[in-house]
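Reproduced below: protein36.csv, with CSV, C-alpha atoms.
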```
chain,number,residue,atom,x,y,z
A,159,MET,CA,80.7,123.3,106.4
A,160,GLN,CA,77.4,121.5,106.6
A,161,ILE,CA,77.1,117.7,106.6
A,162,LEU,CA,73.9,116.6,105.0
A,163,PHE,CA,72.7,113.0,105.4
A,164,LEU,CA,70.3,111.5,103.0
A,165,ASN,CA,68.3,108.4,104.1
A,166,ARG,CA,64.6,107.4,104.1
A,167,PHE,CA,64.5,106.6,107.9
A,168,PHE,CA,66.0,108.4,110.9
A,169,TYR,CA,65.4,108.7,114.6
A,170,PRO,CA,63.0,107.7,116.3
A,171,ASP,CA,62.7,104.9,113.8
A,172,HIS,CA,64.2,101.7,115.0
A,173,SER,CA,65.4,100.1,111.8
A,174,ALA,CA,69.1,99.2,111.5
A,175,THR,CA,70.0,101.9,109.0
A,176,SER,CA,68.1,104.5,111.0
A,177,GLN,CA,69.9,103.6,114.2
A,178,LEU,CA,73.3,103.7,112.6
A,179,LEU,CA,72.6,107.0,111.0
A,180,SER,CA,71.2,108.4,114.2
A,181,ASP,CA,74.3,107.4,116.1
A,182,LEU,CA,76.6,109.1,113.7
A,183,ALA,CA,74.5,112.2,113.1
A,184,PHE,CA,74.1,112.8,116.9
A,185,ALA,CA,77.8,112.2,117.5
A,186,LEU,CA,78.7,114.8,114.9
A,187,GLY,CA,76.0,117.2,116.0
A,188,GLU,CA,77.6,117.3,119.5
A,189,SER,CA,80.7,118.9,117.9
A,190,ASP,CA,80.9,122.3,116.1
A,191,ARG,CA,79.7,120.8,112.8
A,192,LYS,CA,76.3,121.8,111.4
A,193,VAL,CA,74.5,118.5,110.7
A,194,ARG,CA,71.3,118.1,108.7
A,195,VAL,CA,69.3,114.9,107.9
A,196,ILE,CA,66.9,114.7,105.0
A,197,THR,CA,64.5,111.8,105.6
A,198,SER,CA,60.9,110.8,105.4
A,199,ARG,CA,58.1,111.3,107.8
A,200,GLN,CA,57.5,107.5,108.1
A,201,ARG,CA,58.8,104.6,110.2
A,202,TYR,CA,60.2,101.5,108.6
A,203,ASP,CA,57.3,99.3,109.9
A,204,ASP,CA,54.6,102.0,109.9
A,205,PRO,CA,54.1,103.8,106.6
A,206,GLY,CA,51.1,105.6,108.1
A,207,ALA,CA,53.3,107.3,110.7
A,208,ASP,CA,53.5,111.1,110.4
A,209,LEU,CA,56.6,112.4,112.1
A,210,PRO,CA,57.1,116.2,112.3
A,211,ALA,CA,58.2,117.8,109.0
A,212,PHE,CA,61.0,119.6,110.9
A,213,GLU,CA,62.7,119.4,114.3
A,214,ALA,CA,66.0,120.0,115.9
A,215,VAL,CA,67.0,117.1,118.1
A,216,GLY,CA,70.4,116.2,119.6
A,217,GLY,CA,72.1,119.0,117.8
A,218,VAL,CA,70.8,117.8,114.4
A,219,PHE,CA,68.4,119.6,112.1
A,220,VAL,CA,65.9,117.0,110.8
A,221,HIS,CA,64.1,117.7,107.6
A,222,ARG,CA,61.3,115.2,106.9
A,223,VAL,CA,59.9,115.4,103.4
A,224,TRP,CA,56.6,114.2,101.9
A,225,THR,CA,56.4,110.8,100.3
A,226,SER,CA,53.7,108.4,99.2
A,227,ARG,CA,52.8,105.8,101.9
A,228,PHE,CA,52.2,102.4,100.3
A,229,GLY,CA,54.7,100.6,102.5
A,230,ARG,CA,56.8,97.5,101.9
A,231,ALA,CA,54.1,94.8,101.3
A,232,TRP,CA,53.3,95.8,97.6
A,233,LEU,CA,56.3,96.1,95.3
A,234,PRO,CA,54.8,98.6,92.9
A,235,GLY,CA,53.7,100.7,95.9
A,236,ARG,CA,57.2,100.5,97.3
A,237,ALA,CA,58.6,101.7,94.0
A,238,LEU,CA,56.3,104.8,94.2
A,239,ASP,CA,57.4,105.4,97.7
A,240,TYR,CA,61.0,105.4,96.5
A,241,LEU,CA,60.2,107.7,93.5
A,242,SER,CA,58.4,110.2,95.7
A,243,PHE,CA,61.3,110.3,98.1
A,244,TYR,CA,63.8,110.8,95.3
A,245,VAL,CA,61.9,113.9,94.1
A,246,SER,CA,61.1,115.4,97.5
A,247,ALA,CA,64.5,114.7,99.1
A,248,GLY,CA,66.3,115.8,96.0
A,249,TRP,CA,64.5,119.2,96.0
A,250,ARG,CA,65.1,119.7,99.7
A,251,LEU,CA,68.8,118.7,99.3
A,252,TRP,CA,69.2,121.2,96.4
A,253,ARG,CA,67.7,124.0,98.6
A,254,LEU,CA,69.9,123.3,101.6
A,255,THR,CA,73.3,122.5,100.0
A,256,ARG,CA,76.0,125.1,99.6
A,257,GLU,CA,79.4,125.1,98.1
A,258,GLY,CA,81.9,123.2,100.2
A,259,ASP,CA,79.2,121.1,102.1
A,260,VAL,CA,79.5,117.3,102.4
A,261,ILE,CA,76.6,115.1,101.3
A,262,VAL,CA,76.5,111.6,102.9
A,263,ALA,CA,74.1,109.4,100.9
A,264,LYS,CA,73.1,106.0,102.3
A,265,THR,CA,71.3,103.4,100.3
A,266,ASP,CA,67.7,103.6,101.3
A,267,PRO,CA,66.0,104.0,98.9
A,268,PRO,CA,68.3,102.3,96.4
A,269,LEU,CA,70.3,104.5,94.1
A,270,ILE,CA,69.8,107.6,96.3
A,271,SER,CA,73.5,108.2,95.6
A,272,LEU,CA,72.4,109.4,92.1
A,273,VAL,CA,70.4,112.2,93.7
A,274,GLY,CA,73.4,113.1,95.9
A,275,ALA,CA,75.8,113.0,93.0
A,276,VAL,CA,73.7,115.4,90.9
A,277,VAL,CA,73.2,117.9,93.7
A,278,ALA,CA,76.9,117.7,94.8
A,279,ARG,CA,78.1,118.4,91.2
A,280,LEU,CA,75.7,121.3,90.6
A,281,ARG,CA,76.3,122.9,94.1
A,282,GLY,CA,80.0,122.3,94.4
A,283,ALA,CA,79.6,120.0,97.3
A,284,ARG,CA,81.6,116.8,98.2
A,285,LEU,CA,79.8,113.4,98.0
A,286,VAL,CA,80.4,110.5,100.4
A,287,ASN,CA,78.4,107.3,99.7
A,288,TRP,CA,77.7,105.1,102.7
A,289,LEU,CA,76.8,101.7,101.2
A,290,GLN,CA,74.7,99.3,103.2
A,291,ASP,CA,74.0,97.3,100.1
A,292,LEU,CA,74.6,97.3,96.4
A,293,PHE,CA,71.7,97.8,94.0
A,294,PRO,CA,70.7,96.6,91.3
A,295,GLU,CA,72.8,93.5,92.2
A,296,VAL,CA,70.7,92.8,95.3
A,297,ALA,CA,67.5,92.9,93.3
A,298,GLU,CA,69.0,90.5,90.7
A,299,ALA,CA,70.1,88.1,93.4
A,300,LEU,CA,66.6,88.1,94.9
A,301,GLY,CA,65.0,87.3,91.6
A,302,VAL,CA,63.4,90.6,90.9
A,303,ARG,CA,62.6,90.7,87.2
A,304,MET,CA,63.9,93.8,85.4
A,305,PRO,CA,64.8,94.3,81.7
A,306,GLY,CA,68.4,93.6,81.1
A,307,LEU,CA,69.0,97.1,79.5
A,308,ALA,CA,67.5,98.7,82.6
A,309,VAL,CA,69.8,96.8,84.9
A,310,ARG,CA,72.9,97.8,82.9
A,311,ARG,CA,71.8,101.4,82.8
A,312,LEU,CA,71.1,101.5,86.5
A,313,ARG,CA,74.5,99.9,87.3
A,314,ASP,CA,76.3,102.3,85.0
A,315,TRP,CA,74.7,105.3,86.6
A,316,ARG,CA,75.3,103.9,90.1
A,317,ASN,CA,79.0,103.3,89.3
A,318,ALA,CA,79.3,106.8,87.9
A,319,SER,CA,78.0,108.2,91.2
A,320,LEU,CA,80.5,106.0,93.1
A,321,ARG,CA,83.4,107.2,91.0
A,322,GLN,CA,82.4,110.8,91.5
A,323,ALA,CA,82.3,110.5,95.3
A,324,ARG,CA,85.3,111.5,97.4
A,325,THR,CA,84.9,108.3,99.4
A,326,ASN,CA,82.6,105.3,99.3
A,327,VAL,CA,82.2,103.7,102.7
A,328,VAL,CA,81.6,99.9,102.6
A,329,LEU,CA,81.0,97.3,105.3
A,330,GLY,CA,83.6,94.7,104.6
A,331,GLU,CA,86.3,93.4,102.4
A,332,ARG,CA,83.9,91.4,100.1
A,333,MET,CA,81.9,94.6,99.4
A,334,ALA,CA,85.1,96.5,98.8
A,335,GLU,CA,86.1,93.9,96.3
A,336,ARG,CA,82.8,94.3,94.4
A,337,LEU,CA,83.4,98.1,94.1
A,338,ARG,CA,86.9,97.7,92.9
A,339,GLU,CA,85.7,95.2,90.3
A,340,SER,CA,83.1,97.8,89.2
A,341,GLY,CA,85.9,100.3,88.4
A,342,VAL,CA,85.8,102.4,91.5
A,343,PRO,CA,89.4,103.5,92.3
A,344,PRO,CA,90.7,101.7,95.4
A,345,GLU,CA,91.7,105.0,97.0
A,346,ARG,CA,88.0,105.9,97.0
A,347,VAL,CA,86.9,102.9,98.9
A,348,GLU,CA,87.0,102.9,102.7
A,349,ILE,CA,85.9,100.0,105.0
A,350,ILE,CA,84.1,101.1,108.1
A,351,HIS,CA,82.2,98.3,109.7
A,352,ASN,CA,78.8,98.9,111.2
A,353,TRP,CA,78.7,98.9,115.0
A,354,ALA,CA,76.8,98.4,118.2
A,355,ASP,CA,77.0,100.4,121.5
A,356,GLY,CA,79.2,98.4,123.8
A,357,GLY,CA,78.2,100.4,126.8
A,358,ALA,CA,74.5,99.7,126.3
A,359,ILE,CA,75.0,96.1,125.3
A,360,ARG,CA,77.2,94.2,127.7
A,361,PRO,CA,77.7,90.5,128.4
A,362,THR,CA,75.5,89.3,131.3
A,363,ALA,CA,74.4,85.8,132.3
A,364,ALA,CA,71.5,84.5,130.3
A,365,GLU,CA,69.9,83.0,133.4
A,366,GLY,CA,68.5,85.8,135.5
A,367,ASN,CA,67.7,87.9,132.5
A,368,PRO,CA,64.1,89.2,133.2
A,369,LEU,CA,63.0,88.6,129.7
A,370,ARG,CA,63.6,84.9,130.1
A,371,GLU,CA,61.0,84.7,132.9
A,372,GLU,CA,58.7,87.0,131.1
A,373,TRP,CA,58.8,84.9,127.9
A,374,GLY,CA,58.7,81.5,129.7
A,375,LEU,CA,62.3,80.6,128.8
A,376,SER,CA,63.9,80.1,132.2
A,377,GLY,CA,66.1,77.0,132.4
A,378,ARG,CA,66.2,76.4,128.6
A,379,PHE,CA,69.0,76.6,126.1
A,380,VAL,CA,67.9,79.3,123.7
A,381,ALA,CA,69.1,79.8,120.1
A,382,ALA,CA,67.7,83.2,118.9
A,383,TYR,CA,67.5,85.1,115.7
A,384,SER,CA,67.1,88.9,116.3
A,385,GLY,CA,66.3,91.5,113.8
A,386,ASN,CA,64.7,91.8,110.3
A,387,LEU,CA,63.5,88.6,108.7
A,388,GLY,CA,63.7,89.7,105.1
A,389,ARG,CA,64.1,88.3,101.6
A,390,ALA,CA,67.9,88.3,102.0
A,391,HIS,CA,67.8,85.7,104.7
A,392,GLU,CA,67.6,81.9,104.6
A,393,PHE,CA,65.3,80.3,107.2
A,394,ASP,CA,64.6,76.8,105.9
A,395,THR,CA,67.8,75.5,107.5
A,396,LEU,CA,67.0,77.1,110.8
A,397,LEU,CA,63.5,75.6,110.9
A,398,ALA,CA,64.8,72.2,109.8
A,399,ALA,CA,67.3,72.3,112.7
A,400,ALA,CA,64.5,73.2,115.1
A,401,GLU,CA,62.5,70.2,113.7
A,402,ILE,CA,65.5,67.9,114.3
A,403,LEU,CA,65.7,69.1,118.0
A,404,ARG,CA,62.0,69.3,118.7
A,405,GLY,CA,62.1,66.4,121.1
A,406,LEU,CA,64.4,68.2,123.5
A,407,ASP,CA,62.4,69.9,126.1
A,408,GLY,CA,65.3,72.1,127.3
A,409,MET,CA,65.9,73.7,123.9
A,410,ALA,CA,64.1,76.6,122.3
A,411,PHE,CA,64.4,78.6,119.1
A,412,LEU,CA,63.4,82.3,119.4
A,413,PHE,CA,62.8,84.8,116.6
A,414,ILE,CA,62.7,88.4,117.7
A,415,GLY,CA,61.9,91.1,115.1
A,416,GLY,CA,59.7,91.6,112.0
A,417,GLY,CA,60.0,92.1,108.3
A,418,HIS,CA,58.8,90.4,105.1
A,419,GLY,CA,59.4,86.8,106.2
A,420,TYR,CA,58.2,87.1,109.8
A,421,GLU,CA,54.6,86.0,109.4
A,422,LYS,CA,55.5,83.5,106.8
A,423,LEU,CA,58.0,81.9,109.1
A,424,ARG,CA,55.6,81.9,112.0
A,425,LEU,CA,52.9,80.2,110.0
A,426,GLU,CA,55.4,77.6,108.7
A,427,ALA,CA,56.6,76.8,112.2
A,428,LYS,CA,52.9,76.4,113.3
A,429,ARG,CA,52.2,74.1,110.3
A,430,ARG,CA,55.1,71.9,111.3
A,431,GLY,CA,53.9,71.8,114.8
A,432,LEU,CA,57.1,73.2,116.2
A,433,ALA,CA,56.3,74.1,119.8
A,434,ASN,CA,60.0,74.7,120.4
A,435,VAL,CA,59.9,77.8,118.1
A,436,LEU,CA,58.8,81.1,119.6
A,437,PHE,CA,58.2,84.5,118.1
A,438,ARG,CA,58.4,88.0,119.7
A,439,PRO,CA,58.2,91.4,118.0
A,440,TYR,CA,60.9,94.0,117.7
A,441,GLN,CA,62.1,95.2,121.1
A,442,PRO,CA,62.6,99.0,121.8
A,443,ARG,CA,66.2,100.1,121.8
A,444,GLU,CA,66.2,100.5,125.5
A,445,ARG,CA,65.5,96.8,125.9
A,446,LEU,CA,68.0,95.7,123.3
A,447,GLY,CA,70.7,94.9,125.9
A,448,LEU,CA,68.2,92.5,127.5
A,449,SER,CA,66.9,90.9,124.3
A,450,LEU,CA,70.5,90.3,122.9
A,451,THR,CA,71.8,88.7,126.2
A,452,LEU,CA,68.7,86.5,126.6
A,453,PRO,CA,69.9,83.7,124.2
A,454,ASP,CA,72.8,81.3,124.8
A,455,ILE,CA,73.7,81.6,121.1
A,456,HIS,CA,72.5,83.8,118.2
A,457,LEU,CA,71.5,82.6,114.7
A,458,ILE,CA,72.3,84.7,111.6
A,459,SER,CA,71.6,83.9,108.0
A,460,LEU,CA,72.3,85.3,104.6
A,461,LEU,CA,71.6,83.9,101.1
A,462,PRO,CA,75.0,83.2,99.5
A,463,ALA,CA,74.0,85.1,96.4
A,464,LEU,CA,74.1,88.3,98.5
A,465,GLU,CA,77.7,87.9,99.7
A,466,GLY,CA,79.5,91.2,99.0
A,467,LEU,CA,76.2,93.0,98.6
A,468,ILE,CA,75.0,93.0,102.2
A,469,VAL,CA,76.5,92.4,105.7
A,470,PRO,CA,73.9,91.6,108.4
A,471,SER,CA,74.2,94.5,110.9
A,472,LYS,CA,72.8,92.3,113.7
A,473,PHE,CA,76.3,90.6,113.9
A,474,TYR,CA,77.8,93.5,115.8
A,475,GLY,CA,75.1,93.6,118.5
A,476,VAL,CA,75.6,89.8,119.0
A,477,LEU,CA,79.3,90.3,119.5
A,478,ALA,CA,78.7,93.1,121.9
A,479,ALA,CA,76.4,90.8,124.0
A,480,GLY,CA,79.3,88.3,124.2
A,481,ARG,CA,77.3,85.4,122.6
A,482,PRO,CA,78.5,82.8,120.1
A,483,VAL,CA,77.2,82.9,116.6
A,484,ALA,CA,75.8,80.2,114.3
A,485,PHE,CA,75.8,81.6,110.8
A,486,VAL,CA,74.0,80.0,107.8
A,487,GLY,CA,75.4,81.2,104.5
A,488,ALA,CA,78.4,81.2,102.3
A,489,ARG,CA,81.3,79.4,104.0
A,490,ASP,CA,83.8,81.9,102.5
A,491,GLY,CA,81.6,84.9,103.1
A,492,GLU,CA,82.3,88.1,105.2
A,493,LEU,CA,80.7,86.8,108.4
A,494,SER,CA,82.2,83.3,108.0
A,495,ARG,CA,85.6,84.8,107.8
A,496,GLN,CA,85.1,86.9,110.8
A,497,ILE,CA,83.6,84.1,112.9
A,498,GLU,CA,86.6,81.8,112.0
A,499,ARG,CA,89.2,84.5,112.6
A,500,HIS,CA,87.8,85.3,116.1
A,501,ALA,CA,86.8,81.8,117.0
A,502,CYS,CA,83.4,82.9,118.2
A,503,GLY,CA,81.1,80.4,116.6
A,504,ALA,CA,80.6,78.3,113.5
A,505,SER,CA,79.3,78.6,109.9
A,506,PHE,CA,77.0,76.2,108.0
A,507,ALA,CA,76.0,76.0,104.3
A,508,PRO,CA,72.3,76.5,103.6
A,509,GLY,CA,70.7,73.1,103.8
A,510,ASP,CA,73.1,71.7,106.5
A,511,ALA,CA,70.4,71.4,109.2
A,512,ASP,CA,72.1,68.3,110.6
A,513,GLY,CA,75.3,70.2,111.1
A,514,LEU,CA,73.6,73.2,112.7
A,515,ALA,CA,71.5,71.0,115.0
A,516,GLY,CA,74.6,69.0,116.0
A,517,PHE,CA,76.5,72.2,116.8
A,518,LEU,CA,73.7,73.6,118.9
A,519,LEU,CA,73.2,70.3,120.8
A,520,ALA,CA,77.0,70.1,121.5
A,521,LEU,CA,77.1,73.7,122.7
A,522,SER,CA,74.1,73.2,124.9
A,523,ARG,CA,76.1,70.5,126.7
A,524,ASP,CA,79.4,72.2,126.9
A,525,GLY,CA,79.1,75.4,128.9
A,526,GLU,CA,82.9,76.0,129.0
A,527,ARG,CA,83.1,76.0,125.2
A,528,ARG,CA,80.1,78.2,124.9
A,529,GLU,CA,81.5,80.7,127.4
A,530,ARG,CA,84.9,80.7,125.6
A,531,MET,CA,83.3,81.6,122.3
A,532,GLY,CA,81.3,84.3,124.0
A,533,ARG,CA,84.4,85.8,125.5
A,534,ASN,CA,86.0,85.7,122.1
A,535,ALA,CA,83.0,87.5,120.6
A,536,ARG,CA,83.2,90.3,123.1
A,537,THR,CA,87.0,90.7,122.6
A,538,ALA,CA,86.5,90.9,118.8
A,539,PHE,CA,83.8,93.5,119.3
A,540,GLU,CA,85.9,95.7,121.6
A,541,ASN,CA,88.9,95.4,119.3
A,542,GLU,CA,87.1,96.1,116.0
A,543,PHE,CA,83.4,96.8,116.1
A,544,ASP,CA,82.6,99.1,119.1
A,545,GLN,CA,80.6,102.2,118.3
A,546,ALA,CA,83.4,104.5,119.6
A,547,ARG,CA,85.9,103.1,117.2
A,548,ALA,CA,83.6,103.4,114.2
A,549,LEU,CA,82.6,106.9,115.0
A,550,ALA,CA,86.3,107.9,115.4
A,551,LYS,CA,86.9,106.5,111.9
A,552,TRP,CA,84.0,108.5,110.5
A,553,ARG,CA,85.3,111.7,112.1
A,554,ALA,CA,88.8,111.0,110.7
A,555,LEU,CA,87.1,110.5,107.3
A,556,LEU,CA,85.1,113.7,107.3
A,557,THR,CA,87.5,116.1,108.9
A,558,PRO,CA,89.9,116.4,105.9
A,559,LEU,CA,86.8,117.4,103.8
A,560,ARG,CA,86.4,120.5,105.9
A,561,PRO,CA,87.3,123.7,103.9
A,562,SER,CA,90.5,125.3,104.9
```

Turn this file's structure into structure tokens for me.
Amino acid sequence: MQILFLNRFFYPDHSATSQLLSDLAFALGESDRKVRVITSRQRYDDPGADLPAFEAVGGVFVHRVWTSRFGRAWLPGRALDYLSFYVSAGWRLWRLTREGDVIVAKTDPPLISLVGAVVARLRGARLVNWLQDLFPEVAEALGVRMPGLAVRRLRDWRNASLRQARTNVVLGERMAERLRESGVPPERVEIIHNWADGGAIRPTAAEGNPLREEWGLSGRFVAAYSGNLGRAHEFDTLLAAAEILRGLDGMAFLFIGGGHGYEKLRLEAKRRGLANVLFRPYQPRERLGLSLTLPDIHLISLLPALEGLIVPSKFYGVLAAGRPVAFVGARDGELSRQIERHACGASFAPGDADGLAGFLLALSRDGERRERMGRNARTAFENEFDQARALAKWRALLTPLRPS
């Protein structure tokens, strides 16, 4: 049996979906399974990259297909990138798939499960959908204008591909609820949380972290946002909290990453004269343990309209680092529930900058409380979100699909 993964980005790309897929594919490639990945030749933040069309790495056969290269900045160009990947990846998947194989379709580009479903049906393969988000609902929530008939048709086709699949892997209970409401049989919905590598990311003291000295943050209380700054995230509350606390010399807000909103946020912080807000680019994976343990507390945000459609994957790395979490988003959302259940931080509604600023100030003055929340975060990670646990769940999911 072959396992064929379908996603637009893969190793050595550093985007979240690529890293998760790479972890799983390489883990399966170490066993006696034959693992193939059908992906693009680009990197998430570099559409001009030209990775090899084929290579075998870590026991995985990587097939990189041609696509257009407009990138993420121009929406029509992004749509053409998607379309070209559907065609190229679908053709390669058709050629590689055999009866009895398993196709695992992720969600980049959106609706790639439709391609997987068609090939699986025609080739006699089994389909597993690995849902990092739900489209077209995400587009609607972000205000992307599409004809109502097109949205209904896309949702109907998407739901048909989900019902055809042997299993649909989702990231949390809120997303599972969405699928069940869409008519997907409950027995075909499986929750497997995203993860982080608890061996590579371990709690260490913030002071003494070499990045603190390198970035001029020694001796300061640091609240950091790490990862993609995209359309799905809410930043006005974070900047407003930074503005409230701007007079405290010992406190800094740090944004590490990139994405659609990175430059916009940087310019807005400059316009407001927020010298306590700093920006750094994405860090290579080998420095992730340092960048995630540099802060005293991590900031995460998600627009409430996207609850049940997306779960920020940065959450798991934060827990692995043993740091408290301040979440800005729906108070009854997936992360709010987890934070409350594990007593590892606090949640704030969008716009509650006073509440967020007050929490950060209190935590900066109460090291014992901060350390307790950090210990709770690491305990939650080890009990539920460690990479080894998630990969074991994936193996248990895929093993019964092996032909007898």

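You can rank A:Ala398, A:Val215, A:Ile468, A:Ile455 by their closest distance to Met333 in chain A using only C-alpha atoms, and at the top of that list sits A:Ile468.
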
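Each of A:Pro234, A:Pro470, A:Gly217, A:Gly480 was checked against Leu329 in chain A using all atoms listed in the file; the smallest atom-to-atom distance is that of A:Pro470.
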
- Task: Would you be able to write out as a ChimeraX atom specification which residues have an atom within 10 Å of (83.5, 85.3, 102.2) in the file's coordinates, counting all atoms listed in the file?
- Result: /A:330-333,462,465-466,487-496

- Task: For CA of Leu186 in chain A and CA of Asn386 in chain A, quote the distance in Å rounded to one decimal.
- Result: 27.3 Å

- Note on the structure: As a check of understanding: the span from CA of Gly374 in chain A to CA of Lys428 in chain A is 18.1 Å

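Proximity of A:Ser180, A:Thr537, A:Ser471, A:Ala207 to Asp291 in chain A, computed with all atoms listed in the file, is greatest for A:Ser471.
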
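Proximity ranking of A:Trp552, A:Tyr474, A:Phe163, A:Phe506 relative to Asp355 in chain A places A:Tyr474 first, based on all atoms listed in the file.
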
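Every protein, DNA or RNA residue with an atom at most 8 Å from Ser384 in chain A, where all atoms listed in the file count and chain neighbours fewer than 4 positions away do not, is listed here: Phe413, Ile414, Gly415, Leu450, His456, Leu457 and Lys472 of chain A.
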
Kindly save the residues from that selection, with C-alpha atoms included, as a PDB file, in the coordinates of the input.
```pdb
ATOM      1  CA  PHE A 413      62.800  84.800 116.600  1.00  0.00           C
ATOM      2  CA  ILE A 414      62.700  88.400 117.700  1.00  0.00           C
ATOM      3  CA  GLY A 415      61.900  91.100 115.100  1.00  0.00           C
ATOM      4  CA  LEU A 450      70.500  90.300 122.900  1.00  0.00           C
ATOM      5  CA  HIS A 456      72.500  83.800 118.200  1.00  0.00           C
ATOM      6  CA  LEU A 457      71.500  82.600 114.700  1.00  0.00           C
ATOM      7  CA  LYS A 472      72.800  92.300 113.700  1.00  0.00           C
TER       8      LYS A 472
END
```

Can you tell me, as a short mmCIF file (atom, residue, chain, number, x, y, z; two decimals) with C-alpha atoms, in the coordinates of the input, what residues are no more than 12 Å from Ala183 in chain A when counting all atoms listed in the file, ignoring any on the same chain fewer than 3 positions away?
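Heads up, here's the output in out-v6.cif:
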```cif
data_model
loop_
_atom_site.label_atom_id
_atom_site.label_comp_id
_atom_site.auth_asym_id
_atom_site.auth_seq_id
_atom_site.Cartn_x
_atom_site.Cartn_y
_atom_site.Cartn_z
CA GLN A 160 77.40 121.50 106.60
CA ILE A 161 77.10 117.70 106.60
CA LEU A 162 73.90 116.60 105.00
CA PHE A 163 72.70 113.00 105.40
CA LEU A 164 70.30 111.50 103.00
CA ASN A 165 68.30 108.40 104.10
CA PHE A 168 66.00 108.40 110.90
CA TYR A 169 65.40 108.70 114.60
CA THR A 175 70.00 101.90 109.00
CA SER A 176 68.10 104.50 111.00
CA GLN A 177 69.90 103.60 114.20
CA LEU A 178 73.30 103.70 112.60
CA LEU A 179 72.60 107.00 111.00
CA SER A 180 71.20 108.40 114.20
CA LEU A 186 78.70 114.80 114.90
CA GLY A 187 76.00 117.20 116.00
CA GLU A 188 77.60 117.30 119.50
CA SER A 189 80.70 118.90 117.90
CA ARG A 191 79.70 120.80 112.80
CA LYS A 192 76.30 121.80 111.40
CA VAL A 193 74.50 118.50 110.70
CA ARG A 194 71.30 118.10 108.70
CA VAL A 195 69.30 114.90 107.90
CA ILE A 196 66.90 114.70 105.00
CA ALA A 214 66.00 120.00 115.90
CA VAL A 215 67.00 117.10 118.10
CA GLY A 216 70.40 116.20 119.60
CA GLY A 217 72.10 119.00 117.80
CA VAL A 218 70.80 117.80 114.40
CA PHE A 219 68.40 119.60 112.10
CA VAL A 220 65.90 117.00 110.80
CA VAL A 262 76.50 111.60 102.90
CA LEU A 549 82.60 106.90 115.00
CA TRP A 552 84.00 108.50 110.50
CA ARG A 553 85.30 111.70 112.10
#
```

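Taking CA of Arg201 in chain A and CA of Leu233 in chain A as endpoints, the distance between them is 17.3 Å.
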
- Item | Residue contacts of Arg530 in chain A (12 Å, only C-alpha atoms) excluding same-chain residues fewer than 4 positions away, as number ranges by chain | A: 480-482, 500-503, 521, 524-526, 534-537

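Of the listed residues (A:Leu337, A:Thr225, A:Arg523, A:Leu467), A:Leu467 comes nearest to Phe293 in chain A; the distances count all atoms listed in the file.
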